[in-house]
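For reference, structure-v9.cif (mmCIF, C-alpha atoms):
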```cif
data_work
loop_
_atom_site.label_atom_id
_atom_site.label_comp_id
_atom_site.auth_asym_id
_atom_site.auth_seq_id
_atom_site.Cartn_x
_atom_site.Cartn_y
_atom_site.Cartn_z
CA MET A 1 -262.24 -54.27 -116.54
CA SER A 2 -263.48 -54.38 -120.09
CA LEU A 3 -260.00 -54.69 -121.63
CA LEU A 4 -259.28 -57.83 -119.64
CA GLU A 5 -262.64 -59.45 -120.33
CA LYS A 6 -261.86 -59.68 -124.04
CA ILE A 7 -258.60 -61.50 -123.48
CA LYS A 8 -258.47 -65.29 -123.56
CA PHE A 9 -255.93 -66.28 -120.95
CA ASN A 10 -254.68 -69.85 -121.38
CA GLU A 11 -255.27 -72.75 -119.01
CA ALA A 12 -252.45 -71.42 -116.81
CA GLY A 13 -254.03 -67.95 -116.68
CA LEU A 14 -251.43 -66.43 -118.99
CA VAL A 15 -251.37 -64.60 -122.31
CA PRO A 16 -248.27 -64.11 -124.50
CA ALA A 17 -247.18 -60.51 -125.04
CA ILE A 18 -244.86 -59.46 -127.86
CA ALA A 19 -242.83 -56.29 -127.25
CA GLN A 20 -241.90 -54.28 -130.35
CA ASP A 21 -239.63 -51.23 -130.32
CA ALA A 22 -241.63 -48.10 -131.15
CA ALA A 23 -238.61 -46.37 -132.69
CA THR A 24 -237.11 -49.14 -134.84
CA GLY A 25 -239.96 -51.63 -135.28
CA ARG A 26 -237.66 -54.39 -134.08
CA VAL A 27 -239.28 -57.24 -132.17
CA LEU A 28 -237.48 -57.23 -128.83
CA MET A 29 -238.95 -60.09 -126.81
CA MET A 30 -241.94 -62.25 -126.05
CA ALA A 31 -243.04 -62.86 -122.49
CA TRP A 32 -246.17 -63.84 -120.58
CA MET A 33 -248.68 -61.83 -118.60
CA ASN A 34 -251.22 -62.92 -116.04
CA GLU A 35 -254.16 -60.71 -115.14
CA GLU A 36 -252.21 -58.96 -112.40
CA ALA A 37 -249.27 -58.20 -114.70
CA LEU A 38 -251.61 -56.77 -117.30
CA GLU A 39 -253.46 -54.69 -114.71
CA GLN A 40 -250.14 -53.31 -113.46
CA THR A 41 -249.08 -52.57 -117.04
CA LEU A 42 -252.31 -50.67 -117.68
CA ALA A 43 -252.17 -48.85 -114.33
CA THR A 44 -248.53 -47.74 -114.55
CA GLY A 45 -247.87 -47.47 -118.30
CA PHE A 46 -244.83 -49.70 -117.94
CA ALA A 47 -244.68 -53.36 -119.03
CA HIS A 48 -245.12 -55.98 -116.31
CA TYR A 49 -244.86 -59.70 -117.03
CA TYR A 50 -245.35 -62.98 -115.24
CA SER A 51 -242.33 -65.15 -114.60
CA ARG A 52 -243.22 -68.81 -115.03
CA SER A 53 -239.95 -69.90 -113.42
CA ARG A 54 -240.42 -67.67 -110.37
CA SER A 55 -244.23 -67.91 -110.33
CA LYS A 56 -244.67 -64.19 -109.79
CA GLN A 57 -245.39 -61.05 -111.74
CA TRP A 58 -242.64 -58.49 -112.08
CA LYS A 59 -242.03 -55.07 -113.57
CA LYS A 60 -239.70 -55.38 -116.54
CA GLY A 61 -236.50 -53.56 -115.55
CA GLU A 62 -237.33 -53.32 -111.85
CA SER A 63 -233.78 -54.40 -110.95
CA SER A 64 -231.86 -53.56 -114.15
CA GLY A 65 -233.54 -50.25 -114.89
CA HIS A 66 -234.28 -51.50 -118.42
CA VAL A 67 -237.92 -50.55 -118.32
CA GLN A 68 -240.45 -50.59 -121.14
CA LYS A 69 -242.81 -47.62 -121.50
CA VAL A 70 -245.94 -48.78 -123.26
CA ILE A 71 -246.86 -46.52 -126.17
CA ASP A 72 -249.54 -48.61 -127.80
CA MET A 73 -251.21 -51.98 -127.28
CA PHE A 74 -252.98 -54.36 -129.64
CA LEU A 75 -255.00 -57.56 -129.21
CA ASP A 76 -255.14 -60.17 -131.96
CA CYS A 77 -258.14 -61.63 -133.77
CA ASP A 78 -258.45 -64.61 -131.42
CA GLY A 79 -257.98 -62.48 -128.31
CA ASP A 80 -255.16 -64.67 -127.11
CA THR A 81 -252.01 -62.68 -127.94
CA LEU A 82 -250.99 -59.11 -127.08
CA LEU A 83 -248.66 -56.80 -129.01
CA LEU A 84 -247.04 -53.98 -127.05
CA ILE A 85 -245.37 -51.08 -128.82
CA ILE A 86 -242.82 -49.84 -126.34
CA GLU A 87 -240.00 -47.43 -125.66
CA GLN A 88 -237.15 -49.57 -124.36
CA THR A 89 -234.63 -48.17 -121.91
CA GLY A 90 -231.32 -50.00 -122.44
CA PRO A 91 -231.26 -53.57 -123.69
CA ALA A 92 -234.48 -55.60 -123.65
CA CYS A 93 -232.68 -58.91 -123.26
CA HIS A 94 -231.31 -60.19 -119.94
CA THR A 95 -228.10 -60.98 -121.86
CA ASN A 96 -227.79 -57.20 -122.37
CA ARG A 97 -228.54 -57.36 -126.05
CA LYS A 98 -231.00 -54.92 -127.58
CA SER A 99 -233.34 -57.76 -128.59
CA CYS A 100 -233.76 -61.32 -127.35
CA PHE A 101 -233.87 -62.46 -130.99
CA TYR A 102 -230.13 -62.33 -131.64
CA LYS A 103 -229.64 -65.86 -132.96
CA GLN A 104 -230.14 -65.97 -136.72
CA ARG A 105 -230.61 -69.06 -138.84
CA GLN A 106 -227.63 -69.36 -141.17
CA ASP A 107 -226.77 -72.52 -143.13
CA GLY A 108 -228.60 -74.83 -140.76
CA GLU A 109 -227.25 -73.30 -137.55
CA TRP A 110 -228.23 -70.56 -135.11
CA ILE A 111 -225.57 -67.89 -135.29
CA THR A 112 -225.27 -65.12 -132.69
CA ILE A 113 -225.30 -61.90 -134.69
CA GLU A 114 -225.28 -59.34 -131.90
CA GLU A 115 -223.07 -58.66 -128.91
CA PRO A 116 -224.16 -57.26 -125.54
CA ILE A 117 -224.43 -53.47 -125.62
CA ILE A 118 -223.47 -52.94 -121.97
CA MET B 1 -231.29 -81.50 -137.13
CA SER B 2 -229.09 -79.02 -135.33
CA LEU B 3 -231.54 -76.13 -135.69
CA LEU B 4 -234.26 -78.09 -133.94
CA GLU B 5 -232.05 -79.37 -131.13
CA LYS B 6 -231.54 -75.83 -129.83
CA ILE B 7 -235.24 -75.15 -129.57
CA LYS B 8 -237.09 -75.71 -126.32
CA PHE B 9 -240.51 -76.96 -127.29
CA ASN B 10 -243.04 -76.68 -124.47
CA GLU B 11 -244.71 -79.54 -122.63
CA ALA B 12 -247.16 -79.87 -125.54
CA GLY B 13 -244.29 -80.08 -128.04
CA LEU B 14 -244.92 -76.60 -129.40
CA VAL B 15 -242.99 -73.35 -129.79
CA PRO B 16 -244.54 -69.93 -130.45
CA ALA B 17 -243.57 -68.28 -133.74
CA ILE B 18 -244.04 -64.58 -134.41
CA ALA B 19 -244.43 -63.55 -138.06
CA GLN B 20 -243.17 -60.07 -138.97
CA ASP B 21 -243.63 -58.48 -142.39
CA ALA B 22 -240.26 -58.12 -144.13
CA ALA B 23 -241.39 -55.07 -146.08
CA THR B 24 -243.16 -53.03 -143.41
CA GLY B 25 -241.87 -54.42 -140.12
CA ARG B 26 -245.43 -54.90 -138.94
CA VAL B 27 -246.08 -57.84 -136.65
CA LEU B 28 -248.68 -59.89 -138.49
CA MET B 29 -249.51 -62.86 -136.27
CA MET B 30 -248.32 -65.29 -133.65
CA ALA B 31 -248.92 -69.00 -134.05
CA TRP B 32 -247.47 -72.29 -132.85
CA MET B 33 -245.17 -74.80 -134.48
CA ASN B 34 -244.47 -78.40 -133.60
CA GLU B 35 -241.33 -80.13 -134.85
CA GLU B 36 -243.03 -81.28 -138.02
CA ALA B 37 -244.30 -77.79 -138.84
CA LEU B 38 -240.84 -76.35 -138.32
CA GLU B 39 -239.24 -79.06 -140.44
CA GLN B 40 -241.73 -78.35 -143.23
CA THR B 41 -241.04 -74.62 -142.91
CA LEU B 42 -237.30 -75.22 -143.23
CA ALA B 43 -237.70 -77.71 -146.08
CA THR B 44 -240.08 -75.63 -148.18
CA GLY B 45 -239.22 -72.03 -147.28
CA PHE B 46 -242.88 -71.34 -146.50
CA ALA B 47 -244.33 -71.02 -142.99
CA HIS B 48 -246.12 -74.04 -141.57
CA TYR B 49 -247.82 -74.00 -138.19
CA TYR B 50 -249.55 -76.39 -135.83
CA SER B 51 -253.24 -75.93 -135.22
CA ARG B 52 -254.08 -76.65 -131.60
CA SER B 53 -257.81 -76.72 -132.36
CA ARG B 54 -257.43 -79.17 -135.26
CA SER B 55 -254.43 -81.01 -133.78
CA LYS B 56 -252.53 -81.00 -137.05
CA GLN B 57 -249.80 -79.08 -138.79
CA TRP B 58 -250.72 -77.00 -141.82
CA LYS B 59 -249.14 -74.80 -144.42
CA LYS B 60 -250.19 -71.21 -143.86
CA GLY B 61 -252.28 -70.24 -146.88
CA GLU B 62 -252.76 -73.79 -148.18
CA SER B 63 -256.44 -73.12 -148.77
CA SER B 64 -256.55 -69.32 -148.97
CA GLY B 65 -253.38 -68.84 -151.00
CA HIS B 66 -252.16 -66.35 -148.37
CA VAL B 67 -248.77 -67.97 -147.99
CA GLN B 68 -245.77 -66.70 -146.06
CA LYS B 69 -242.36 -66.92 -147.70
CA VAL B 70 -239.73 -67.07 -144.98
CA ILE B 71 -236.93 -64.57 -145.56
CA ASP B 72 -235.18 -64.80 -142.22
CA MET B 73 -235.57 -66.65 -138.93
CA PHE B 74 -234.42 -65.87 -135.40
CA LEU B 75 -234.40 -67.77 -132.10
CA ASP B 76 -234.56 -65.94 -128.79
CA CYS B 77 -232.16 -66.05 -125.84
CA ASP B 78 -234.10 -68.77 -124.03
CA GLY B 79 -234.54 -70.85 -127.16
CA ASP B 80 -238.29 -70.97 -126.69
CA THR B 81 -239.65 -68.43 -129.17
CA LEU B 82 -239.13 -68.03 -132.92
CA LEU B 83 -239.29 -64.86 -134.99
CA LEU B 84 -239.97 -65.27 -138.70
CA ILE B 85 -239.38 -62.43 -141.13
CA ILE B 86 -241.73 -63.15 -143.98
CA GLU B 87 -243.14 -61.97 -147.29
CA GLN B 88 -246.88 -62.19 -146.88
CA THR B 89 -249.13 -62.88 -149.85
CA GLY B 90 -252.51 -61.23 -149.20
CA PRO B 91 -253.79 -60.77 -145.66
CA ALA B 92 -252.13 -62.67 -142.82
CA CYS B 93 -255.29 -62.80 -140.72
CA HIS B 94 -258.13 -65.25 -141.30
CA THR B 95 -260.45 -62.24 -141.01
CA ASN B 96 -258.79 -60.96 -144.21
CA ARG B 97 -256.99 -58.14 -142.45
CA LYS B 98 -253.33 -57.53 -143.15
CA SER B 99 -252.40 -58.27 -139.53
CA CYS B 100 -254.12 -60.21 -136.75
CA PHE B 101 -253.33 -57.31 -134.38
CA TYR B 102 -256.10 -54.99 -135.54
CA LYS B 103 -257.70 -54.26 -132.17
CA GLN B 104 -256.07 -51.25 -130.52
CA ARG B 105 -256.41 -50.21 -126.91
CA GLN B 106 -258.19 -46.87 -126.79
CA ASP B 107 -259.69 -45.35 -123.63
CA GLY B 108 -260.07 -48.69 -121.90
CA GLU B 109 -261.58 -50.53 -124.87
CA TRP B 110 -260.31 -52.60 -127.79
CA ILE B 111 -261.20 -50.71 -130.96
CA THR B 112 -261.03 -52.31 -134.41
CA ILE B 113 -258.81 -50.00 -136.44
CA GLU B 114 -258.60 -51.92 -139.70
CA GLU B 115 -261.09 -53.37 -142.13
CA PRO B 116 -260.70 -56.54 -144.22
CA ILE B 117 -258.70 -55.90 -147.38
CA ILE B 118 -260.45 -58.50 -149.51
#
```
Could you write out this file's structure as structure tokens?
Amino acid sequence: MSLLEKIKFNEAGLVPAIAQDAATGRVLMMAWMNEEALEQTLATGFAHYYSRSRSKQWKKGESSGHVQKVIDMFLDCDGDTLLLIIEQTGPACHTNRKSCFYKQRQDGEWITIEEPII
Amino acid sequence: MSLLEKIKFNEAGLVPAIAQDAATGRVLMMAWMNEEALEQTLATGFAHYYSRSRSKQWKKGESSGHVQKVIDMFLDCDGDTLLLIIEQTGPACHTNRKSCFYKQRQDGEWITIEEPII
């Protein structure tokens, strides 16, 4: 598939994918895709990633229901990073926060600025 | 430094850092930092990255002048990805486009949707 041919997967066969909320513009998470995860994302319209800890691809939200509908997709200049504009159902983070980026630098520390929403 | 201790650098000693435009919310680029690059970022207030091709850390914009002033910084749930909210001087992309994510998926192809601004 032409879309995949332009992507430079790394030595492990993975490419980082940033998920950004279509409604708010907030960056929600960064995860990895292998070819299969990307193919499934393109085929279904819902984000699939590759779990490095479990060594398998998975549909985001397949157990939690917190799926990501892909609205738009971009590839960067080097062809080695993807940006997904998504509609997020529920929290994106496995800690049940809206975004995984909930620890803010404040006075030399990481401070949790957001509580779980469910 | 406490901020660095919480970060899980990968096996190559690097952590991915996403740069998001403070004014527009647009995701501009994703690059890598080693400890030194992060320390320089924290010390100077301007984004520094690590070039994997040149095997050295560098200040973003040191030759082009297209620097990134860091307004805010977030760490994700797993401690292995950074999000920088930045004020970008000039284009973020080395192709002189505002963002590196200028290739949009359209009908099974990546289409360049943005021209260089300088």
Exercise for the section: Would you mind listing what lies within 10 Å of segment 59-63 of chain B as a VMD selection string, with only C-alpha atoms counted and same-chain residues fewer than 4 positions away left out? Expected result: chain B and resid 37 40 to 41 44 46 to 50 67 to 69 88 to 92 94
Practice task
Would you translate the PyMOL selection byres ((chain B) within 10 of (chain A)) into the concrete set of residues it matches in this file, as a VMD selection string?
Solution key: chain B and resid 1 to 4 6 16 to 18 20 24 to 31 42 72 to 83 93 to 95 97 99 to 113
Problem - Point-to-point distance from atom CA of Ser53 of chain B to atom CA of Asp21 of chain B, Å rounded to tenths - result: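 That distance, rounded to one decimal, is 25.2 Å.
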Handout entry: Distance in Å - atom CA of Gly13 of chain B versus atom CA of Arg52 of chain A
Key =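 Computing it gives 17.2 Å between the two atoms.
Pairwise distance (atom CA of Ser55 of chain A, atom CA of Phe9 of chain B) equals 19.6 Å.
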Would you kindly return, as a PDB file with C-alpha atoms, in the coordinates of the input, each protein, DNA or RNA residue with an atom no farther than 6 Å from any atom of Leu14 of chain A, considering all atoms listed in the file and excluding same-chain residues fewer than 4 positions away?
```
ATOM      1  CA  PHE A   9    -255.930 -66.280-120.950  1.00  0.00           C
ATOM      2  CA  ASN A  10    -254.680 -69.850-121.380  1.00  0.00           C
ATOM      3  CA  MET A  33    -248.680 -61.830-118.600  1.00  0.00           C
ATOM      4  CA  ASN A  34    -251.220 -62.920-116.040  1.00  0.00           C
TER       5      ASN A  34
END
```
Is it possible to add N, CA, C and O atoms to segment 34-46 of chain B and hand it back as a JSON list (two decimals), in the frame of the given file?
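Below is the file that was written, out19.json:
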```json
[["chain", "number", "residue", "atom", "x", "y", "z"],
["B", 34, "ASN", "N", -245.07, -77.20, -134.18],
["B", 34, "ASN", "CA", -244.47, -78.40, -133.60],
["B", 34, "ASN", "C", -243.23, -78.74, -134.45],
["B", 34, "ASN", "O", -242.89, -78.02, -135.39],
["B", 35, "GLU", "N", -242.55, -79.79, -134.11],
["B", 35, "GLU", "CA", -241.33, -80.13, -134.85],
["B", 35, "GLU", "C", -241.61, -80.32, -136.33],
["B", 35, "GLU", "O", -240.86, -79.85, -137.18],
["B", 36, "GLU", "N", -242.70, -81.00, -136.62],
["B", 36, "GLU", "CA", -243.03, -81.28, -138.02],
["B", 36, "GLU", "C", -243.29, -79.98, -138.79],
["B", 36, "GLU", "O", -242.83, -79.82, -139.94],
["B", 37, "ALA", "N", -244.01, -79.07, -138.18],
["B", 37, "ALA", "CA", -244.30, -77.79, -138.84],
["B", 37, "ALA", "C", -243.01, -77.02, -139.10],
["B", 37, "ALA", "O", -242.83, -76.42, -140.17],
["B", 38, "LEU", "N", -242.11, -77.06, -138.15],
["B", 38, "LEU", "CA", -240.84, -76.35, -138.32],
["B", 38, "LEU", "C", -240.00, -77.03, -139.41],
["B", 38, "LEU", "O", -239.40, -76.35, -140.26],
["B", 39, "GLU", "N", -239.99, -78.34, -139.40],
["B", 39, "GLU", "CA", -239.24, -79.06, -140.44],
["B", 39, "GLU", "C", -239.79, -78.73, -141.82],
["B", 39, "GLU", "O", -239.03, -78.52, -142.77],
["B", 40, "GLN", "N", -241.11, -78.68, -141.95],
["B", 40, "GLN", "CA", -241.73, -78.35, -143.23],
["B", 40, "GLN", "C", -241.42, -76.91, -143.63],
["B", 40, "GLN", "O", -241.22, -76.61, -144.81],
["B", 41, "THR", "N", -241.39, -76.03, -142.65],
["B", 41, "THR", "CA", -241.04, -74.62, -142.91],
["B", 41, "THR", "C", -239.62, -74.54, -143.46],
["B", 41, "THR", "O", -239.35, -73.86, -144.46],
["B", 42, "LEU", "N", -238.70, -75.25, -142.81],
["B", 42, "LEU", "CA", -237.30, -75.22, -143.23],
["B", 42, "LEU", "C", -237.13, -75.89, -144.60],
["B", 42, "LEU", "O", -236.35, -75.43, -145.43],
["B", 43, "ALA", "N", -237.86, -76.95, -144.83],
["B", 43, "ALA", "CA", -237.70, -77.71, -146.08],
["B", 43, "ALA", "C", -238.29, -76.97, -147.27],
["B", 43, "ALA", "O", -237.74, -77.04, -148.38],
["B", 44, "THR", "N", -239.38, -76.24, -147.05],
["B", 44, "THR", "CA", -240.08, -75.63, -148.18],
["B", 44, "THR", "C", -239.82, -74.14, -148.33],
["B", 44, "THR", "O", -240.06, -73.58, -149.40],
["B", 45, "GLY", "N", -239.40, -73.48, -147.23],
["B", 45, "GLY", "CA", -239.22, -72.03, -147.28],
["B", 45, "GLY", "C", -240.52, -71.26, -147.07],
["B", 45, "GLY", "O", -240.53, -70.04, -147.16],
["B", 46, "PHE", "N", -241.60, -71.99, -146.78],
["B", 46, "PHE", "CA", -242.88, -71.34, -146.50],
["B", 46, "PHE", "C", -243.37, -71.75, -145.11],
["B", 46, "PHE", "O", -243.22, -72.92, -144.71]]
```
